Amino acid sequence: MRQKPELLTTAGSIEELERLIQAGADAVNIGHSEYGVRLPGNFNLEEVKLSVQIAHAKGVKIYVAVNNIFNNAQLETLPSYLKTLHDCHVDAIVFGDPAIISILKQLNITMDLHWNTEMTSTNYVTANYWGTKGATRMILARELNLEEIQEISGKLKLESQIQIHGITNIYHSKRELVKSYMGHIGKKETENFDQNRNMYLVEYERQDLKLPIFEDENGTHIMSADDICTIDVLDEVLEEPVDSVKIEGLLKSIEYNETVVRCYREAIDLYFEDPDSYKFKPEWLEKIKQVQDPNRELSYGFFFKEQVY
Amino acid sequence: MTVLTKKSPGSTKRKLEKPELLAPAGNLEKLKFAIHYGADAVYIGGQRFGLRSNADNFSIEEMRQGVEFAKKYGSKVFVATNIYAHNEDFDGLEEYLTQLEEVGISAIIAADPAIVNTALKVAPKLEVHLSTQQSTMNWQAVQFWKDEGLPRVVLAREANMEEIIEIKDKVDIEIEAFIHGAMCSSYSGRCVLSNHFTDRDSNRGGCSQSCRWYYDLYEGDEKHPMFTVDEDDPFTMGSKDLGMIEHIPQLIESGIDSFKIEGRMKSIHYVATVVNAYRQAIDAYMDNPEKYQLKQEWVDEIHKAANRPLNSGFFYKAPGAGEHIYEAEDKLVNFDFAGLVLDYDENSGMATIQQRNHFKVGQEIEFFGPNGTFFKQTVTKIWDDKGNEFEAARHPLMTLQMKVDQPVHALDMMRKKNI
């Protein structure tokens, strides 16, 4: 029987990291907004080091997001940052700019590399291409359906990761769109419009969809109006030979993420005890629904959809 | 041609290279006009693998004809194969790329490494240019693609002038940059609004331009939009269009190798007008950088074909409130393509015109063309092909005779102001 996939989630602080490990996470994504985007909190290098110690003591892995789209100026400190991450023994870095590959080569450093461009990792040929360039894991686009994921996973020469729960990024701009708009309507332009502001967009003809929007030093980020939730179809998802399943914790409370991680932990463990006799427990979904924002629909994302173009 | 320049961005003096002017061509007719009006190269879409699934797009046979036409002018034809592919899209890719190479396409513009690599393998004579859909913005990433064997990278629209100059200084590779046309407000390729709103895959040509829709911006649990009181404009992500006609000297001095105009879905009139203006500006600067002066006429011409207000994107500063479109747009005074000059008789001063849109006696029209044709006149008399005088040219593509005030050339265009 094949290996249980790793249950991965995200943490915004050391405290969250500890609680999520306790809840059953096998791996945790962390990072700093100077190099990574859409993170639930910032970890400085000291905290990264500490996180690695805490996690490794429990057999848990730490991945650091270095997934910005970089400009020339941002390249300057990248080599020393990457070297320090390597020396801290983080288990992998998550990235989406080929500059990282060039820099690591120049530094002569080998690390596990998780390729993540959010929405553009859509086929196995591209995945295997990045594999030949040093990537050890492909983080698949959320806009793929399960049949596509199955075909990709089957043909992949590197690890694969999919998202099974939570919010997704659907738009990233370098522009300060909220600040620009505030300027246009005559509001103060000096305020910050980060994740904590709880701002969202509603399109005129889709009043039931609320799309979170926030702005930081890396631009403007618009997020999905729904949260992926696969707990009641997890057996179908787990049939696919993926190596890591992710619960995205961005824009959620730690209590929410703990609950969700616990439910999936239990479900995954139960499934792998004996896939044939596995049965979904409605109480998992109930628990998730109790903490779910009623304004945000739980959905299967694109897992069972066909798109046109 | 090359000339020496005083001001060069690097430390040493270097020769100014004449940049390539690269224009969009949505179909074979547009390709011919783009090239006739001065494009050094055009980019087109084929039936598959391109990001404009609604555009006309070229069959292989049409590509062959396009290449043949381009050759006569010493121009090149590129094909956009810029989707992010899904597994199912690979069927027929190798054959398609081989066909492109066989009909004489000079380069493909690709974003997905799967397509990049396939092309390098099966069609070695086909150059591979990295699409802006990869959002490449720094010199290390550019170096990466050079090492992969790509002779050219189309930079992200987010790269500013300083960054472009640094990239040119650090990496010996051709750099292509957009200088005109509509812009994604997101990093190109990093937007799936369409997928989420309409189940249309933006990265395979299904973009429904959701960034230009209207939104209310809320904060917290407030039931009412905090910021959108009645008189306020709604929130949108929509950007004004890029237009760099006023910055040609800086663009040439930056060393950008190819100046790209956006708009495979745009009209013949747009393509001809925009190409014509940039062609004149580039040639004037290359001819004599010291004496170069921006002509108001070029700026005016560009605006005759503009769909939205123009700005300079990220070249000089990060776009702010003034660079986005919030209010309902005043319709820009625009012009329609009214007729195409087929022939001109010097002795009689009569032009043979193919009608392209309604016009009539008494209306003011203007002629323009790549050979210096540029004048306004009033339509005095028109005759049909049987020599009968008539009032209004209302039959699509009818051939007519018309008295013109100044000499014109075949393929010059006649336009009229929109009502």
# chains A, B, ... in the order shown; residues from 1 in each chain; ligands from 1
>>> residues_around(residues="stretch 222-231 of chain A", least_positions_apart="5", cutoff="8 Å", atoms="only C-alpha atoms", output="MDAnalysis selection string")
(chainID A and resid 164:172 209:214 237 263:264 267 280 284:285 296:301) or (chainID B and resid 196)
>>> interface_residues(of="chain A", to="chain B", cutoff="6 Å", atoms="only C-alpha atoms", output="JSON, numbers by chain")
{"A": [71, 72, 98, 99, 122, 123, 125, 126, 170, 171, 172, 173, 180, 181, 183, 184, 198, 199, 200, 201, 202, 203, 204, 307, 308, 309]}
>>> residues_around(residues="B:Phe367", least_positions_apart="2", cutoff="12 Å", atoms="only C-alpha atoms", output="JSON, numbers by chain")
{"B": [269, 273, 301, 335, 336, 337, 338, 339, 340, 341, 351, 353, 364, 365, 369, 370, 371, 372, 373, 374, 375, 376, 377, 378, 379, 404, 405, 406, 407, 408, 409, 410, 411, 412, 413, 414, 415, 416, 417]}
>>> atom_distance(atom1="atom CA of A:Glu306", atom2="atom CA of A:Asn145")
7.2 Å
>>> residues_around(residues="A:Tyr63", least_positions_apart="2", cutoff="8 Å", atoms="only C-alpha atoms", output="list in words")
Ala27, Val28, Asn29, Ile30, Lys61, Ala65, Val90, Asp91, Ala92, Ile93 and Val94 of chain A
>>> write_last_selection(atoms="all heavy atoms", output="compact mmCIF listing (two decimals), in the first residue's frame")
# COMPACT_ATOMS: atom_id res chain seq x y z
N ALA A 27 3.62 18.83 8.38
CA ALA A 27 4.54 19.84 7.84
C ALA A 27 3.85 21.20 7.91
O ALA A 27 2.62 21.27 7.86
CB ALA A 27 4.90 19.52 6.40
N VAL A 28 4.67 22.26 8.04
CA VAL A 28 4.08 23.59 8.17
C VAL A 28 4.85 24.57 7.28
O VAL A 28 6.08 24.58 7.26
CB VAL A 28 4.11 24.08 9.64
CG1 VAL A 28 3.42 25.44 9.75
CG2 VAL A 28 3.43 23.08 10.56
N ASN A 29 4.09 25.36 6.54
CA ASN A 29 4.67 26.43 5.73
C ASN A 29 4.77 27.71 6.56
O ASN A 29 3.78 28.12 7.17
CB ASN A 29 3.72 26.76 4.56
CG ASN A 29 4.09 26.03 3.28
OD1 ASN A 29 5.10 25.36 3.20
ND2 ASN A 29 3.23 26.19 2.29
N ILE A 30 5.94 28.34 6.52
CA ILE A 30 6.09 29.64 7.17
C ILE A 30 6.86 30.55 6.22
O ILE A 30 7.21 30.13 5.12
CB ILE A 30 6.84 29.51 8.53
CG1 ILE A 30 8.25 28.95 8.30
CG2 ILE A 30 6.04 28.65 9.50
CD1 ILE A 30 9.11 28.96 9.56
N LYS A 61 7.99 18.76 9.48
CA LYS A 61 8.84 19.49 8.56
C LYS A 61 8.46 20.97 8.45
O LYS A 61 7.29 21.32 8.63
CB LYS A 61 8.76 18.86 7.16
CG LYS A 61 9.45 17.50 7.14
CD LYS A 61 9.36 16.86 5.78
CE LYS A 61 10.22 15.59 5.79
NZ LYS A 61 9.98 14.79 4.59
N ALA A 65 8.35 29.83 2.59
CA ALA A 65 7.88 30.42 1.33
C ALA A 65 8.82 31.53 0.89
O ALA A 65 9.08 32.48 1.64
CB ALA A 65 6.47 30.97 1.51
N VAL A 90 16.01 24.17 7.20
CA VAL A 90 14.60 24.09 6.83
C VAL A 90 14.48 22.94 5.82
O VAL A 90 15.44 22.62 5.11
CB VAL A 90 14.07 25.41 6.23
CG1 VAL A 90 14.30 26.56 7.18
CG2 VAL A 90 14.67 25.70 4.87
N ASP A 91 13.32 22.33 5.76
CA ASP A 91 13.19 21.12 4.95
C ASP A 91 13.01 21.40 3.46
O ASP A 91 13.29 20.53 2.64
CB ASP A 91 12.04 20.28 5.49
CG ASP A 91 12.34 19.80 6.90
OD1 ASP A 91 13.12 18.85 7.04
OD2 ASP A 91 11.86 20.43 7.87
N ALA A 92 12.50 22.57 3.15
CA ALA A 92 12.37 22.94 1.73
C ALA A 92 12.05 24.42 1.65
O ALA A 92 11.62 25.03 2.63
CB ALA A 92 11.25 22.14 1.06
N ILE A 93 12.27 24.98 0.47
CA ILE A 93 11.72 26.30 0.22
C ILE A 93 10.69 26.21 -0.90
O ILE A 93 10.79 25.35 -1.77
CB ILE A 93 12.80 27.36 -0.10
CG1 ILE A 93 13.58 26.96 -1.34
CG2 ILE A 93 13.72 27.59 1.07
CD1 ILE A 93 14.38 28.12 -1.89
N VAL A 94 9.71 27.08 -0.80
CA VAL A 94 8.61 27.12 -1.76
C VAL A 94 8.83 28.34 -2.62
O VAL A 94 9.01 29.44 -2.09
CB VAL A 94 7.26 27.22 -1.03
CG1 VAL A 94 6.11 27.22 -2.02
CG2 VAL A 94 7.12 26.10 0.00
>>> residues_around(residues="A:Glu151", least_positions_apart="3", cutoff="8 Å", atoms="only C-alpha atoms", output="JSON list (two decimals) with N, CA and C atoms, in the first residue's frame")
[["chain", "number", "residue", "atom", "x", "y", "z"],
["A", 124, "TYR", "N", 1.71, 17.81, -16.39],
["A", 124, "TYR", "CA", 2.83, 17.00, -15.90],
["A", 124, "TYR", "C", 4.14, 17.27, -16.66],
["A", 147, "GLU", "N", -9.43, 14.45, -12.20],
["A", 147, "GLU", "CA", -8.93, 13.61, -13.29],
["A", 147, "GLU", "C", -7.59, 14.11, -13.81],
["A", 148, "GLU", "N", -7.48, 15.44, -13.91],
["A", 148, "GLU", "CA", -6.20, 16.01, -14.35],
["A", 148, "GLU", "C", -5.12, 15.75, -13.30],
["A", 154, "GLY", "N", 0.31, 10.54, -11.72],
["A", 154, "GLY", "CA", 0.78, 9.27, -12.25],
["A", 154, "GLY", "C", 2.02, 9.41, -13.10],
["A", 155, "LYS", "N", 2.21, 10.56, -13.70],
["A", 155, "LYS", "CA", 3.33, 10.73, -14.63],
["A", 155, "LYS", "C", 4.47, 11.59, -14.05],
["B", 87, "ASN", "N", -2.89, 18.79, -19.40],
["B", 87, "ASN", "CA", -2.43, 17.52, -19.98],
["B", 87, "ASN", "C", -2.99, 17.28, -21.38]]
>>> select_by_dssp(residues="stretch 152-296 of chain A", states="strand (DSSP E)", output="ChimeraX atom specification")
/A:159-166,169-173,199-203,211-216,219-223,227-229,244-247
>>> write_last_selection(atoms="C-alpha atoms", output="compact mmCIF listing (two decimals), in the first residue's frame")
# COMPACT_ATOMS: atom_id res chain seq x y z
CA GLU A 159 6.49 14.89 -5.45
CA SER A 160 3.09 16.45 -5.86
CA GLN A 161 1.06 18.63 -3.54
CA ILE A 162 -2.57 19.68 -3.76
CA GLN A 163 -4.72 21.91 -1.61
CA ILE A 164 -7.64 20.15 0.06
CA HIS A 165 -9.00 22.90 2.28
CA GLY A 166 -9.16 26.66 2.61
CA ASN A 169 -5.38 33.24 -4.28
CA ILE A 170 -7.09 34.13 -7.55
CA TYR A 171 -5.41 37.43 -8.51
CA HIS A 172 -2.06 39.03 -7.70
CA SER A 173 -1.15 42.52 -8.87
CA MET A 199 -11.75 43.93 3.39
CA TYR A 200 -13.57 42.25 0.58
CA LEU A 201 -15.04 42.89 -2.85
CA VAL A 202 -18.56 42.16 -4.05
CA GLU A 203 -19.17 42.14 -7.78
CA LEU A 211 -13.81 38.09 -2.26
CA PRO A 212 -11.25 39.04 0.36
CA ILE A 213 -8.78 41.67 -0.81
CA PHE A 214 -5.64 42.93 0.89
CA GLU A 215 -2.62 44.97 0.02
CA ASP A 216 0.95 44.79 1.27
CA GLY A 219 0.98 44.31 -4.14
CA THR A 220 -2.72 43.56 -4.10
CA HIS A 221 -4.08 40.08 -3.49
CA ILE A 222 -7.63 38.96 -4.23
CA MET A 223 -8.78 35.68 -2.74
CA ASP A 227 -13.21 27.78 0.87
CA ILE A 228 -12.26 24.46 -0.59
CA CYS A 229 -13.50 21.69 1.70
CA SER A 244 1.16 16.18 0.24
CA VAL A 245 -2.26 17.63 0.97
CA LYS A 246 -2.46 21.19 2.17
CA ILE A 247 -4.83 23.06 4.43
>>> residues_around(residues="B:Tyr278", least_positions_apart="2", cutoff="8 Å", atoms="only C-alpha atoms", output="list in words")
Leu21, Ile245, Val274, Val275, Asn276, Gln280, Ala281, Ile282 and Trp298 of chain B
>>> select_by_dssp(residues="stretch 33-210 of chain A", states="alpha helix (DSSP H)", output="compact mmCIF listing (two decimals) with N, CA, C and O atoms, in the first residue's frame")
# COMPACT_ATOMS: atom_id res chain seq x y z
N LEU A 45 14.44 35.36 10.90
CA LEU A 45 15.33 34.20 10.79
C LEU A 45 15.52 33.46 12.12
O LEU A 45 15.64 32.24 12.15
N GLU A 46 15.52 34.23 13.21
CA GLU A 46 15.62 33.59 14.53
C GLU A 46 14.43 32.67 14.74
O GLU A 46 14.54 31.56 15.26
N GLU A 47 13.25 33.19 14.36
CA GLU A 47 12.03 32.40 14.55
C GLU A 47 11.98 31.20 13.62
O GLU A 47 11.43 30.15 13.97
N VAL A 48 12.57 31.36 12.44
CA VAL A 48 12.64 30.21 11.53
C VAL A 48 13.48 29.11 12.19
O VAL A 48 13.10 27.95 12.22
N LYS A 49 14.61 29.55 12.74
CA LYS A 49 15.52 28.59 13.38
C LYS A 49 14.80 27.85 14.52
O LYS A 49 14.84 26.62 14.63
N LEU A 50 14.11 28.64 15.32
CA LEU A 50 13.36 28.07 16.45
C LEU A 50 12.27 27.12 15.95
O LEU A 50 12.05 26.03 16.50
N SER A 51 11.59 27.54 14.90
CA SER A 51 10.51 26.70 14.33
C SER A 51 11.05 25.35 13.90
O SER A 51 10.41 24.31 14.12
N VAL A 52 12.22 25.39 13.26
CA VAL A 52 12.81 24.14 12.80
C VAL A 52 13.11 23.22 13.99
O VAL A 52 12.81 22.03 13.95
N GLN A 53 13.65 23.81 15.06
CA GLN A 53 13.94 23.00 16.25
C GLN A 53 12.68 22.38 16.82
O GLN A 53 12.62 21.18 17.11
N ILE A 54 11.65 23.23 16.98
CA ILE A 54 10.39 22.75 17.55
C ILE A 54 9.80 21.64 16.68
O ILE A 54 9.41 20.59 17.17
N ALA A 55 9.78 21.90 15.38
CA ALA A 55 9.14 20.96 14.45
C ALA A 55 9.92 19.66 14.36
O ALA A 55 9.34 18.57 14.46
N HIS A 56 11.23 19.77 14.19
CA HIS A 56 12.03 18.57 14.01
C HIS A 56 11.99 17.66 15.23
O HIS A 56 12.05 16.44 15.11
N ALA A 57 11.87 18.27 16.39
CA ALA A 57 11.77 17.48 17.62
C ALA A 57 10.54 16.58 17.59
O ALA A 57 10.49 15.54 18.23
N ASN A 72 14.81 43.27 -9.63
CA ASN A 72 16.28 43.27 -9.49
C ASN A 72 16.73 43.60 -8.07
O ASN A 72 17.60 42.94 -7.52
N ALA A 73 16.12 44.63 -7.49
CA ALA A 73 16.57 45.09 -6.18
C ALA A 73 16.38 44.01 -5.12
O ALA A 73 17.22 43.83 -4.23
N GLN A 74 15.31 43.26 -5.26
CA GLN A 74 15.03 42.22 -4.26
C GLN A 74 16.01 41.05 -4.36
O GLN A 74 16.10 40.24 -3.44
N LEU A 75 16.72 40.97 -5.48
CA LEU A 75 17.68 39.86 -5.64
C LEU A 75 18.87 40.01 -4.71
O LEU A 75 19.53 39.04 -4.37
N LEU A 78 18.68 38.13 -1.47
CA LEU A 78 18.20 36.75 -1.60
C LEU A 78 19.28 35.69 -1.33
O LEU A 78 19.02 34.72 -0.61
N PRO A 79 20.50 35.86 -1.89
CA PRO A 79 21.51 34.82 -1.65
C PRO A 79 21.77 34.59 -0.16
O PRO A 79 21.79 33.43 0.29
N SER A 80 21.91 35.66 0.60
CA SER A 80 22.22 35.44 2.02
C SER A 80 21.01 34.87 2.75
O SER A 80 21.14 34.04 3.66
N TYR A 81 19.82 35.27 2.33
CA TYR A 81 18.61 34.73 2.95
C TYR A 81 18.51 33.22 2.68
O TYR A 81 18.28 32.42 3.60
N LEU A 82 18.72 32.84 1.42
CA LEU A 82 18.63 31.42 1.06
C LEU A 82 19.69 30.59 1.78
O LEU A 82 19.44 29.49 2.26
N LYS A 83 20.89 31.18 1.89
CA LYS A 83 21.98 30.47 2.56
C LYS A 83 21.64 30.25 4.03
O LYS A 83 21.85 29.17 4.58
N THR A 84 21.07 31.29 4.65
CA THR A 84 20.71 31.15 6.06
C THR A 84 19.61 30.10 6.23
O THR A 84 19.67 29.29 7.16
N LEU A 85 18.63 30.11 5.34
CA LEU A 85 17.57 29.09 5.43
C LEU A 85 18.18 27.69 5.32
O LEU A 85 17.82 26.77 6.06
N HIS A 86 19.13 27.56 4.41
CA HIS A 86 19.79 26.27 4.24
C HIS A 86 20.52 25.88 5.53
O HIS A 86 20.40 24.74 6.01
N ASP A 87 21.22 26.86 6.11
CA ASP A 87 21.98 26.56 7.32
C ASP A 87 21.08 26.29 8.52
O ASP A 87 21.49 25.65 9.48
N ALA A 99 14.64 32.71 -10.80
CA ALA A 99 15.85 33.34 -10.25
C ALA A 99 16.39 32.53 -9.08
O ALA A 99 17.62 32.45 -8.88
N ILE A 100 15.49 31.92 -8.31
CA ILE A 100 15.92 31.13 -7.15
C ILE A 100 16.82 29.97 -7.59
O ILE A 100 17.83 29.67 -6.93
N ILE A 101 16.45 29.35 -8.69
CA ILE A 101 17.26 28.22 -9.19
C ILE A 101 18.66 28.71 -9.55
O ILE A 101 19.65 28.10 -9.16
N SER A 102 18.72 29.86 -10.25
CA SER A 102 20.02 30.40 -10.64
C SER A 102 20.86 30.75 -9.41
O SER A 102 22.05 30.45 -9.35
N ILE A 103 20.23 31.38 -8.44
CA ILE A 103 20.98 31.82 -7.25
C ILE A 103 21.51 30.61 -6.46
O ILE A 103 22.67 30.58 -6.05
N LEU A 104 20.66 29.60 -6.27
CA LEU A 104 21.12 28.42 -5.53
C LEU A 104 22.27 27.72 -6.24
O LEU A 104 23.21 27.24 -5.62
N LYS A 105 22.20 27.73 -7.57
CA LYS A 105 23.28 27.13 -8.35
C LYS A 105 24.57 27.91 -8.11
O LYS A 105 25.62 27.34 -7.88
N GLN A 106 24.46 29.26 -8.14
CA GLN A 106 25.65 30.08 -7.92
C GLN A 106 26.22 29.89 -6.50
O GLN A 106 27.42 29.95 -6.28
N LEU A 107 25.32 29.63 -5.54
CA LEU A 107 25.76 29.42 -4.16
C LEU A 107 26.25 27.98 -3.94
O LEU A 107 26.78 27.65 -2.88
N TYR A 124 1.71 17.81 -16.39
CA TYR A 124 2.83 17.00 -15.90
C TYR A 124 4.14 17.27 -16.66
O TYR A 124 5.21 17.11 -16.11
N VAL A 125 4.04 17.70 -17.91
CA VAL A 125 5.28 17.95 -18.67
C VAL A 125 6.03 19.13 -18.03
O VAL A 125 7.24 19.09 -17.83
N THR A 126 5.27 20.17 -17.71
CA THR A 126 5.87 21.33 -17.06
C THR A 126 6.41 20.96 -15.68
O THR A 126 7.50 21.38 -15.29
N ALA A 127 5.64 20.16 -14.98
CA ALA A 127 6.08 19.73 -13.65
C ALA A 127 7.41 18.99 -13.74
O ALA A 127 8.36 19.29 -13.02
N ASN A 128 7.48 18.05 -14.67
CA ASN A 128 8.72 17.29 -14.82
C ASN A 128 9.87 18.16 -15.31
O ASN A 128 11.03 17.94 -14.98
N TYR A 129 9.53 19.18 -16.10
CA TYR A 129 10.55 20.14 -16.53
C TYR A 129 11.19 20.80 -15.31
O TYR A 129 12.41 20.84 -15.16
N TRP A 130 10.34 21.31 -14.41
CA TRP A 130 10.92 21.97 -13.22
C TRP A 130 11.67 20.95 -12.36
O TRP A 130 12.63 21.29 -11.67
N GLY A 131 11.24 19.70 -12.45
CA GLY A 131 11.97 18.64 -11.77
C GLY A 131 13.40 18.53 -12.28
O GLY A 131 14.35 18.42 -11.50
N THR A 132 13.56 18.63 -13.59
CA THR A 132 14.93 18.54 -14.13
C THR A 132 15.76 19.77 -13.75
O THR A 132 16.98 19.75 -13.82
N LEU A 146 -9.91 16.59 -10.51
CA LEU A 146 -9.27 15.38 -9.98
C LEU A 146 -8.74 14.46 -11.07
O LEU A 146 -7.72 13.80 -10.88
N GLU A 147 -9.43 14.45 -12.20
CA GLU A 147 -8.93 13.61 -13.29
C GLU A 147 -7.59 14.11 -13.81
O GLU A 147 -6.68 13.33 -14.10
N GLU A 148 -7.48 15.44 -13.91
CA GLU A 148 -6.20 16.01 -14.35
C GLU A 148 -5.12 15.75 -13.30
O GLU A 148 -3.97 15.44 -13.63
N ILE A 149 -5.50 15.88 -12.03
CA ILE A 149 -4.54 15.64 -10.94
C ILE A 149 -4.06 14.20 -10.98
O ILE A 149 -2.87 13.92 -10.82
N GLN A 150 -5.01 13.30 -11.24
CA GLN A 150 -4.65 11.88 -11.31
C GLN A 150 -3.63 11.62 -12.41
O GLN A 150 -2.61 10.96 -12.19
N GLU A 151 -3.89 12.19 -13.58
CA GLU A 151 -2.97 11.96 -14.69
C GLU A 151 -1.60 12.56 -14.40
O GLU A 151 -0.57 11.94 -14.67
N ILE A 152 -1.61 13.77 -13.83
CA ILE A 152 -0.34 14.42 -13.51
C ILE A 152 0.44 13.59 -12.50
O ILE A 152 1.61 13.25 -12.70
N SER A 153 -0.23 13.23 -11.40
CA SER A 153 0.46 12.51 -10.32
C SER A 153 1.05 11.22 -10.84
O SER A 153 2.15 10.82 -10.46
N GLY A 154 0.31 10.54 -11.72
CA GLY A 154 0.78 9.27 -12.25
C GLY A 154 2.02 9.41 -13.10
O GLY A 154 2.80 8.48 -13.23
N LYS A 155 2.21 10.56 -13.70
CA LYS A 155 3.33 10.73 -14.63
C LYS A 155 4.47 11.59 -14.05
O LYS A 155 5.42 11.91 -14.75
N LEU A 177 -3.96 48.58 -5.52
CA LEU A 177 -5.29 48.87 -6.06
C LEU A 177 -6.23 49.47 -5.02
O LEU A 177 -7.07 50.31 -5.36
N VAL A 178 -6.11 49.04 -3.77
CA VAL A 178 -6.99 49.60 -2.74
C VAL A 178 -6.58 51.04 -2.47
O VAL A 178 -7.40 51.96 -2.44
N LYS A 179 -5.29 51.24 -2.30
CA LYS A 179 -4.80 52.60 -2.05
C LYS A 179 -5.16 53.53 -3.20
O LYS A 179 -5.58 54.67 -3.00
N SER A 180 -5.01 53.05 -4.44
CA SER A 180 -5.35 53.87 -5.60
C SER A 180 -6.83 54.25 -5.57
O SER A 180 -7.19 55.40 -5.82
N TYR A 181 -7.66 53.28 -5.25
CA TYR A 181 -9.10 53.54 -5.23
C TYR A 181 -9.45 54.54 -4.13
O TYR A 181 -10.25 55.46 -4.34
N MET A 182 -8.82 54.37 -2.96
CA MET A 182 -9.06 55.31 -1.86
C MET A 182 -8.65 56.72 -2.30
O MET A 182 -9.34 57.69 -1.99
N GLY A 183 -7.54 56.79 -2.98
CA GLY A 183 -7.09 58.07 -3.50
C GLY A 183 -8.13 58.66 -4.44
O GLY A 183 -8.46 59.84 -4.38
N HIS A 184 -8.67 57.82 -5.27
CA HIS A 184 -9.65 58.28 -6.25
C HIS A 184 -10.91 58.84 -5.59
O HIS A 184 -11.46 59.84 -6.01
>>> closest_residue(among="B:Ala25, B:Ala119, B:Leu31, B:Leu16", to="B:Tyr285", atoms="only C-alpha atoms")
B:Leu16
>>> atom_distance(atom1="atom CA of B:Ala110", atom2="atom CA of A:His114")
22.8 Å
>>> atom_distance(atom1="atom CA of B:Gly50", atom2="atom CA of B:Glu148")
22.0 Å
